[in-house]
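Trainee: Take a look at work_6.csv, CSV, N, CA and C atoms:
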```csv
chain,number,residue,atom,x,y,z
A,1,MET,N,-10.5,-16.3,-15.4
A,1,MET,CA,-10.9,-15.4,-14.4
A,1,MET,C,-10.6,-14.0,-14.8
A,2,MET,N,-11.6,-13.1,-14.7
A,2,MET,CA,-11.5,-11.7,-15.1
A,2,MET,C,-11.0,-10.9,-13.9
A,3,ARG,N,-10.0,-10.1,-14.2
A,3,ARG,CA,-9.4,-9.3,-13.1
A,3,ARG,C,-9.7,-7.8,-13.4
A,4,THR,N,-10.0,-7.1,-12.3
A,4,THR,CA,-10.2,-5.7,-12.5
A,4,THR,C,-9.0,-4.9,-12.0
A,5,ILE,N,-8.6,-3.9,-12.7
A,5,ILE,CA,-7.5,-3.0,-12.3
A,5,ILE,C,-8.2,-1.7,-12.0
A,6,VAL,N,-7.9,-1.2,-10.8
A,6,VAL,CA,-8.4,0.0,-10.3
A,6,VAL,C,-7.3,1.0,-10.2
A,7,ARG,N,-7.5,2.2,-10.7
A,7,ARG,CA,-6.5,3.3,-10.7
A,7,ARG,C,-6.5,3.9,-9.3
A,8,VAL,N,-5.4,4.0,-8.6
A,8,VAL,CA,-5.2,4.6,-7.3
A,8,VAL,C,-4.3,5.8,-7.5
A,9,ASP,N,-4.8,6.9,-7.2
A,9,ASP,CA,-4.0,8.1,-7.3
A,9,ASP,C,-4.3,9.1,-6.2
A,10,ASP,N,-3.8,10.2,-6.2
A,10,ASP,CA,-4.0,11.2,-5.1
A,10,ASP,C,-5.5,11.5,-4.9
A,11,SER,N,-6.3,11.5,-6.0
A,11,SER,CA,-7.7,11.9,-5.8
A,11,SER,C,-8.5,10.9,-5.0
A,12,THR,N,-8.0,9.6,-4.9
A,12,THR,CA,-8.7,8.6,-4.1
A,12,THR,C,-8.3,8.6,-2.7
A,13,ILE,N,-7.3,9.4,-2.3
A,13,ILE,CA,-6.9,9.4,-0.9
A,13,ILE,C,-7.7,10.5,-0.2
A,14,SER,N,-8.3,10.2,0.9
A,14,SER,CA,-9.1,11.2,1.6
A,14,SER,C,-8.2,12.3,2.2
A,15,HIS,N,-8.8,13.4,2.5
A,15,HIS,CA,-8.1,14.5,3.1
A,15,HIS,C,-7.4,14.1,4.4
A,16,THR,N,-8.1,13.4,5.2
A,16,THR,CA,-7.5,12.9,6.5
A,16,THR,C,-6.3,12.0,6.3
A,17,ARG,N,-6.4,11.1,5.3
A,17,ARG,CA,-5.3,10.2,5.0
A,17,ARG,C,-4.1,11.0,4.5
A,18,ARG,N,-4.4,12.0,3.6
A,18,ARG,CA,-3.3,12.8,3.0
A,18,ARG,C,-2.6,13.6,4.1
A,19,ARG,N,-3.4,14.1,5.1
A,19,ARG,CA,-2.8,14.8,6.2
A,19,ARG,C,-1.9,13.9,7.1
A,20,LEU,N,-2.4,12.6,7.3
A,20,LEU,CA,-1.6,11.7,8.1
A,20,LEU,C,-0.3,11.3,7.4
A,21,LEU,N,-0.3,11.3,6.0
A,21,LEU,CA,0.9,11.0,5.3
A,21,LEU,C,2.0,12.0,5.6
A,22,LEU,N,1.6,13.2,5.9
A,22,LEU,CA,2.5,14.3,6.2
A,22,LEU,C,3.0,14.3,7.7
A,23,ASP,N,2.2,13.6,8.6
A,23,ASP,CA,2.5,13.6,10.0
A,23,ASP,C,3.5,12.5,10.3
A,24,ASP,N,4.7,12.8,10.8
A,24,ASP,CA,5.7,11.8,11.0
A,24,ASP,C,5.5,10.9,12.2
A,25,ASN,N,4.6,11.3,13.1
A,25,ASN,CA,4.5,10.6,14.4
A,25,ASN,C,3.1,9.9,14.5
A,26,ALA,N,2.4,9.7,13.4
A,26,ALA,CA,1.1,9.1,13.5
A,26,ALA,C,1.3,7.6,13.8
A,27,LYS,N,0.5,7.1,14.7
A,27,LYS,CA,0.5,5.7,15.1
A,27,LYS,C,-0.9,5.1,14.9
A,28,PRO,N,-1.1,3.9,14.4
A,28,PRO,CA,-2.4,3.3,14.2
A,28,PRO,C,-3.2,3.1,15.5
A,29,LYS,N,-4.5,3.4,15.5
A,29,LYS,CA,-5.3,3.3,16.6
A,29,LYS,C,-6.0,1.9,16.7
A,30,SER,N,-6.2,1.3,15.5
A,30,SER,CA,-6.8,0.0,15.4
A,30,SER,C,-6.5,-0.7,14.1
A,31,THR,N,-6.7,-2.0,14.1
A,31,THR,CA,-6.4,-2.7,12.8
A,31,THR,C,-7.6,-3.7,12.5
A,32,SER,N,-7.8,-4.0,11.3
A,32,SER,CA,-8.7,-5.0,10.9
A,32,SER,C,-8.2,-5.7,9.6
A,33,ARG,N,-8.9,-6.7,9.2
A,33,ARG,CA,-8.4,-7.5,8.1
A,33,ARG,C,-9.3,-7.1,6.9
A,34,ALA,N,-8.6,-7.2,5.7
A,34,ALA,CA,-9.4,-6.9,4.5
A,34,ALA,C,-10.4,-8.0,4.2
A,35,LYS,N,-11.5,-7.6,3.6
A,35,LYS,CA,-12.6,-8.6,3.3
A,35,LYS,C,-12.7,-8.8,1.8
A,36,GLN,N,-12.4,-7.8,1.0
A,36,GLN,CA,-12.4,-8.0,-0.4
A,36,GLN,C,-11.3,-7.1,-1.1
A,37,TRP,N,-10.9,-7.5,-2.3
A,37,TRP,CA,-9.9,-6.8,-3.0
A,37,TRP,C,-10.3,-5.4,-3.5
A,38,THR,N,-9.4,-4.4,-3.3
A,38,THR,CA,-9.6,-3.1,-3.9
A,38,THR,C,-8.2,-2.6,-4.3
A,39,GLY,N,-8.1,-1.5,-5.0
A,39,GLY,CA,-6.8,-0.9,-5.3
A,39,GLY,C,-6.0,-0.6,-4.0
A,40,GLU,N,-6.7,-0.1,-3.0
A,40,GLU,CA,-6.0,0.3,-1.8
A,40,GLU,C,-5.5,-1.0,-1.1
A,41,ILE,N,-6.2,-2.1,-1.1
A,41,ILE,CA,-5.8,-3.3,-0.5
A,41,ILE,C,-4.6,-3.9,-1.3
A,42,GLU,N,-4.6,-3.7,-2.6
A,42,GLU,CA,-3.5,-4.2,-3.4
A,42,GLU,C,-2.2,-3.5,-3.0
A,43,ASN,N,-2.2,-2.2,-2.8
A,43,ASN,CA,-1.0,-1.4,-2.3
A,43,ASN,C,-0.6,-1.8,-0.9
A,44,LEU,N,-1.6,-2.0,0.0
A,44,LEU,CA,-1.3,-2.4,1.3
A,44,LEU,C,-0.6,-3.8,1.3
A,45,TYR,N,-1.1,-4.7,0.5
A,45,TYR,CA,-0.4,-6.0,0.3
A,45,TYR,C,1.0,-5.8,-0.1
A,46,ARG,N,1.3,-4.9,-1.0
A,46,ARG,CA,2.7,-4.8,-1.5
A,46,ARG,C,3.6,-4.2,-0.4
A,47,PHE,N,3.1,-3.2,0.3
A,47,PHE,CA,3.8,-2.6,1.4
A,47,PHE,C,4.1,-3.7,2.5
A,48,GLN,N,3.1,-4.5,2.8
A,48,GLN,CA,3.3,-5.5,3.9
A,48,GLN,C,4.2,-6.6,3.4
A,49,GLN,N,4.2,-7.0,2.1
A,49,GLN,CA,5.1,-7.9,1.6
A,49,GLN,C,6.6,-7.5,1.8
A,50,ALA,N,6.8,-6.2,1.7
A,50,ALA,CA,8.1,-5.6,1.8
A,50,ALA,C,8.5,-5.3,3.3
A,51,GLY,N,7.6,-5.6,4.2
A,51,GLY,CA,7.9,-5.5,5.6
A,51,GLY,C,7.4,-4.2,6.3
A,52,TYR,N,6.5,-3.5,5.7
A,52,TYR,CA,6.0,-2.2,6.3
A,52,TYR,C,4.5,-2.4,6.5
A,53,ARG,N,4.0,-1.6,7.5
A,53,ARG,CA,2.6,-1.6,7.8
A,53,ARG,C,1.8,-1.0,6.6
A,54,ASP,N,2.2,0.1,6.1
A,54,ASP,CA,1.5,0.8,5.0
A,54,ASP,C,2.4,1.9,4.5
A,55,GLU,N,1.8,2.7,3.6
A,55,GLU,CA,2.6,3.8,3.0
A,55,GLU,C,3.2,4.8,4.0
A,56,LEU,N,2.4,5.0,5.0
A,56,LEU,CA,2.8,6.0,6.1
A,56,LEU,C,4.1,5.5,6.7
A,57,GLU,N,4.2,4.2,7.2
A,57,GLU,CA,5.4,3.7,7.8
A,57,GLU,C,6.6,3.7,6.8
A,58,TYR,N,6.3,3.4,5.6
A,58,TYR,CA,7.4,3.4,4.6
A,58,TYR,C,8.0,4.7,4.4
A,59,ARG,N,7.1,5.8,4.4
A,59,ARG,CA,7.6,7.1,4.2
A,59,ARG,C,8.4,7.6,5.5
A,60,GLN,N,8.0,7.1,6.7
A,60,GLN,CA,8.7,7.5,7.9
A,60,GLN,C,10.0,6.8,7.9
A,61,VAL,N,10.2,5.6,7.5
A,61,VAL,CA,11.4,4.9,7.6
A,61,VAL,C,12.4,5.2,6.5
A,62,LYS,N,11.9,5.2,5.2
A,62,LYS,CA,12.8,5.4,4.1
A,62,LYS,C,12.9,6.8,3.6
A,63,GLN,N,11.9,7.6,3.9
A,63,GLN,CA,11.9,9.0,3.4
A,63,GLN,C,12.3,9.1,2.0
A,64,ALA,N,11.6,8.3,1.2
A,64,ALA,CA,11.9,8.3,-0.3
A,64,ALA,C,10.6,8.3,-1.1
A,65,GLN,N,10.7,8.7,-2.3
A,65,GLN,CA,9.6,8.8,-3.2
A,65,GLN,C,9.2,7.3,-3.5
A,66,ILE,N,7.9,7.1,-3.6
A,66,ILE,CA,7.4,5.8,-3.9
A,66,ILE,C,7.1,5.7,-5.4
A,67,ASP,N,7.7,4.7,-6.1
A,67,ASP,CA,7.5,4.5,-7.5
A,67,ASP,C,6.2,3.8,-7.8
A,68,ARG,N,5.4,4.4,-8.7
A,68,ARG,CA,4.1,3.7,-9.0
A,68,ARG,C,3.9,3.5,-10.5
A,69,TRP,N,3.1,2.6,-10.8
A,69,TRP,CA,2.8,2.3,-12.3
A,69,TRP,C,1.9,3.5,-12.7
A,70,PRO,N,2.2,4.1,-13.8
A,70,PRO,CA,1.4,5.3,-14.2
A,70,PRO,C,0.0,4.9,-14.6
A,71,ASP,N,-0.2,3.7,-15.2
A,71,ASP,CA,-1.6,3.4,-15.7
A,71,ASP,C,-2.5,2.8,-14.6
A,72,THR,N,-2.0,2.2,-13.6
A,72,THR,CA,-2.8,1.6,-12.5
A,72,THR,C,-2.7,2.3,-11.2
A,73,GLY,N,-1.6,3.0,-11.0
A,73,GLY,CA,-1.3,3.6,-9.7
A,73,GLY,C,-0.8,2.7,-8.6
A,74,PHE,N,-0.6,1.4,-8.9
A,74,PHE,CA,-0.1,0.5,-8.0
A,74,PHE,C,1.4,0.7,-7.7
A,75,VAL,N,1.8,0.3,-6.5
A,75,VAL,CA,3.2,0.5,-6.2
A,75,VAL,C,4.1,-0.3,-7.1
A,76,LYS,N,5.1,0.2,-7.6
A,76,LYS,CA,6.0,-0.4,-8.6
A,76,LYS,C,7.2,-1.0,-8.0
A,77,LYS,N,7.9,-0.3,-7.0
A,77,LYS,CA,9.1,-0.7,-6.4
A,77,LYS,C,9.2,-0.2,-5.0
A,78,LEU,N,9.6,-1.1,-4.1
A,78,LEU,CA,9.8,-0.7,-2.7
A,78,LEU,C,11.2,-1.2,-2.2
A,79,GLN,N,11.7,-0.5,-1.3
A,79,GLN,CA,13.0,-0.9,-0.7
A,79,GLN,C,12.8,-1.4,0.7
A,80,ARG,N,13.2,-2.6,1.0
A,80,ARG,CA,13.0,-3.2,2.3
A,80,ARG,C,14.0,-2.5,3.3
A,81,ARG,N,13.9,-2.9,4.5
A,81,ARG,CA,14.8,-2.3,5.6
A,81,ARG,C,16.2,-2.7,5.4
A,82,ASP,N,16.4,-3.9,4.8
A,82,ASP,CA,17.8,-4.3,4.6
A,82,ASP,C,18.3,-3.9,3.2
A,83,ASN,N,17.6,-2.9,2.6
A,83,ASN,CA,18.0,-2.3,1.3
A,83,ASN,C,17.9,-3.2,0.1
A,84,THR,N,17.2,-4.3,0.2
A,84,THR,CA,16.8,-5.1,-0.9
A,84,THR,C,15.6,-4.5,-1.6
A,85,PHE,N,15.5,-4.5,-2.9
A,85,PHE,CA,14.4,-3.9,-3.6
A,85,PHE,C,13.4,-5.0,-4.0
A,86,TYR,N,12.1,-4.7,-3.8
A,86,TYR,CA,11.0,-5.5,-4.3
A,86,TYR,C,10.5,-4.8,-5.5
A,87,TYR,N,10.3,-5.5,-6.6
A,87,TYR,CA,9.7,-5.0,-7.8
A,87,TYR,C,8.4,-5.7,-8.1
A,88,TYR,N,7.3,-4.9,-8.4
A,88,TYR,CA,6.0,-5.5,-8.5
A,88,TYR,C,5.5,-5.3,-9.9
A,89,ASN,N,4.7,-6.2,-10.4
A,89,ASN,CA,4.1,-6.1,-11.7
A,89,ASN,C,3.0,-5.0,-11.8
A,90,ARG,N,2.7,-4.7,-13.0
A,90,ARG,CA,1.7,-3.7,-13.3
A,90,ARG,C,0.3,-4.2,-12.9
A,91,LYS,N,0.1,-5.5,-13.0
A,91,LYS,CA,-1.2,-6.1,-12.7
A,91,LYS,C,-1.4,-6.5,-11.3
A,92,ARG,N,-2.5,-6.9,-10.9
A,92,ARG,CA,-2.9,-7.3,-9.6
A,92,ARG,C,-2.0,-8.5,-9.1
A,93,GLU,N,-1.5,-8.4,-7.9
A,93,GLU,CA,-0.6,-9.5,-7.4
A,93,GLU,C,-1.3,-10.1,-6.1
A,94,CYS,N,-2.1,-9.4,-5.5
A,94,CYS,CA,-2.8,-10.0,-4.3
A,94,CYS,C,-4.0,-10.8,-4.7
A,95,GLU,N,-3.8,-12.1,-4.7
A,95,GLU,CA,-4.9,-13.0,-5.2
A,95,GLU,C,-6.0,-13.1,-4.1
A,96,ASP,N,-7.2,-13.5,-4.6
A,96,ASP,CA,-8.4,-13.5,-3.7
A,96,ASP,C,-8.1,-14.4,-2.4
A,97,ARG,N,-7.3,-15.4,-2.6
A,97,ARG,CA,-7.0,-16.3,-1.4
A,97,ARG,C,-6.1,-15.6,-0.4
A,98,GLU,N,-5.5,-14.5,-0.8
A,98,GLU,CA,-4.5,-13.8,0.1
A,98,GLU,C,-5.1,-12.5,0.7
A,99,VAL,N,-6.3,-12.1,0.2
A,99,VAL,CA,-6.8,-10.8,0.6
A,99,VAL,C,-7.0,-10.8,2.1
A,100,HIS,N,-7.5,-11.8,2.8
A,100,HIS,CA,-7.7,-11.8,4.2
A,100,HIS,C,-6.5,-11.7,5.0
A,101,LYS,N,-5.3,-11.8,4.5
A,101,LYS,CA,-4.0,-11.7,5.2
A,101,LYS,C,-3.6,-10.2,5.3
A,102,VAL,N,-4.2,-9.3,4.5
A,102,VAL,CA,-3.8,-7.9,4.5
A,102,VAL,C,-4.4,-7.2,5.7
A,103,LYS,N,-3.6,-6.5,6.5
A,103,LYS,CA,-4.1,-5.7,7.6
A,103,LYS,C,-4.3,-4.3,7.2
A,104,VAL,N,-5.5,-3.8,7.6
A,104,VAL,CA,-5.9,-2.4,7.3
A,104,VAL,C,-5.8,-1.6,8.6
A,105,TYR,N,-5.0,-0.6,8.7
A,105,TYR,CA,-4.8,0.2,9.9
A,105,TYR,C,-5.6,1.4,9.9
A,106,ALA,N,-6.2,1.8,11.0
A,106,ALA,CA,-7.0,3.0,11.2
A,106,ALA,C,-6.2,4.0,12.0
A,107,TYR,N,-6.1,5.2,11.6
A,107,TYR,CA,-5.4,6.2,12.4
A,107,TYR,C,-6.3,7.2,13.0
```
Go ahead and express the file in the form of structure tokens.

Mentor:
Amino acid sequence: MMRTIVRVDDSTISHTRRRLLLDDNAKPKSTSRAKQWTGEIENLYRFQQAGYRDELEYRQVKQAQIDRWPDTGFVKKLQRRDNTFYYYNRKRECEDREVHKVKVYAY
């Protein structure tokens, strides 16, 4: 099975999403489920595995820098609410059979 790695960096984040990352009080207005894998879905999967909605909630709770893999842009390490660390591989971890479990929040 061939896997595609998509680079996710600041240039792929929309202006509205970037502004929301700076807003401490943003709450999601709606939610949907992921239909197919993308780099954004991969990162959402990693945040949700660690117990957070998305990057915005992680930044609100932990107020810490997010470690990312330089070549793929995927999240490298997250700290759960109980201060346990999750370490993620450089390659894709969200398999096709788990994509539908990822929630995508709209702000």

Trainee: Quick one, how far is atom C of Asn43 in chain A from CA of Asn89 in chain A?

Mentor: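 Here the two named atoms are 12.5 Å from each other.
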
Trainee: Would you list the contacts of Asp54 in chain A as JSON, numbers by chain, taking every protein, DNA or RNA residue within 12 Å and counting only C-alpha atoms, but skipping same-chain residues closer than 6 positions in sequence?

Mentor: {"A": [17, 20, 21, 26, 27, 28, 31, 40, 41, 42, 43, 44, 45, 46, 47, 48, 60, 61, 66, 75, 78, 102, 103, 104, 105, 106, 107]}

Trainee: From the options A:Tyr58, A:Ala50, A:Lys29, A:Arg90, which residue's atoms come nearest to Gly73 in chain A, counting all atoms listed in the file?

Mentor: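 Distance minimum relative to Gly73 in chain A lands on A:Arg90.
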
Trainee: Give the strand (DSSP E or B) residues of range 73-105 of chain A, as assigned by DSSP on the backbone, as a list in words.

Mentor: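 The strand (DSSP E or B) subset of range 73-105 of chain A is Val75, Lys76, Lys77, Leu78, Gln79, Phe85, Tyr86, Tyr87, Lys103, Val104 and Tyr105 of chain A.
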
Trainee: For each of A:Trp37, A:Gly51, A:Asn25, A:Asp82, take the minimum atom-to-atom distance to Glu98 in chain A, counting only C-alpha atoms, then give the residue where this is smallest.

Mentor: A:Trp37

Trainee: For CA of Lys77 in chain A and CA of Tyr52 in chain A, quote the distance in Å rounded to one decimal.

Mentor: 13.2 Å

Trainee: Of the candidates A:Lys91, A:Arg80, A:Lys35, A:His100, which shows the shortest atom-to-atom distance to Gln49 in chain A, using all atoms listed in the file?

Mentor: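 Checking each of A:Lys91, A:Arg80, A:Lys35, A:His100 against Gln49 in chain A, counting all atoms listed in the file, the winner is A:Arg80.
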
Trainee: Do you have the CA of Gln63 in chain A-CA of Gln36 in chain A distance handy?

Mentor: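 CA of Gln63 in chain A sits 29.9 Å away from CA of Gln36 in chain A.
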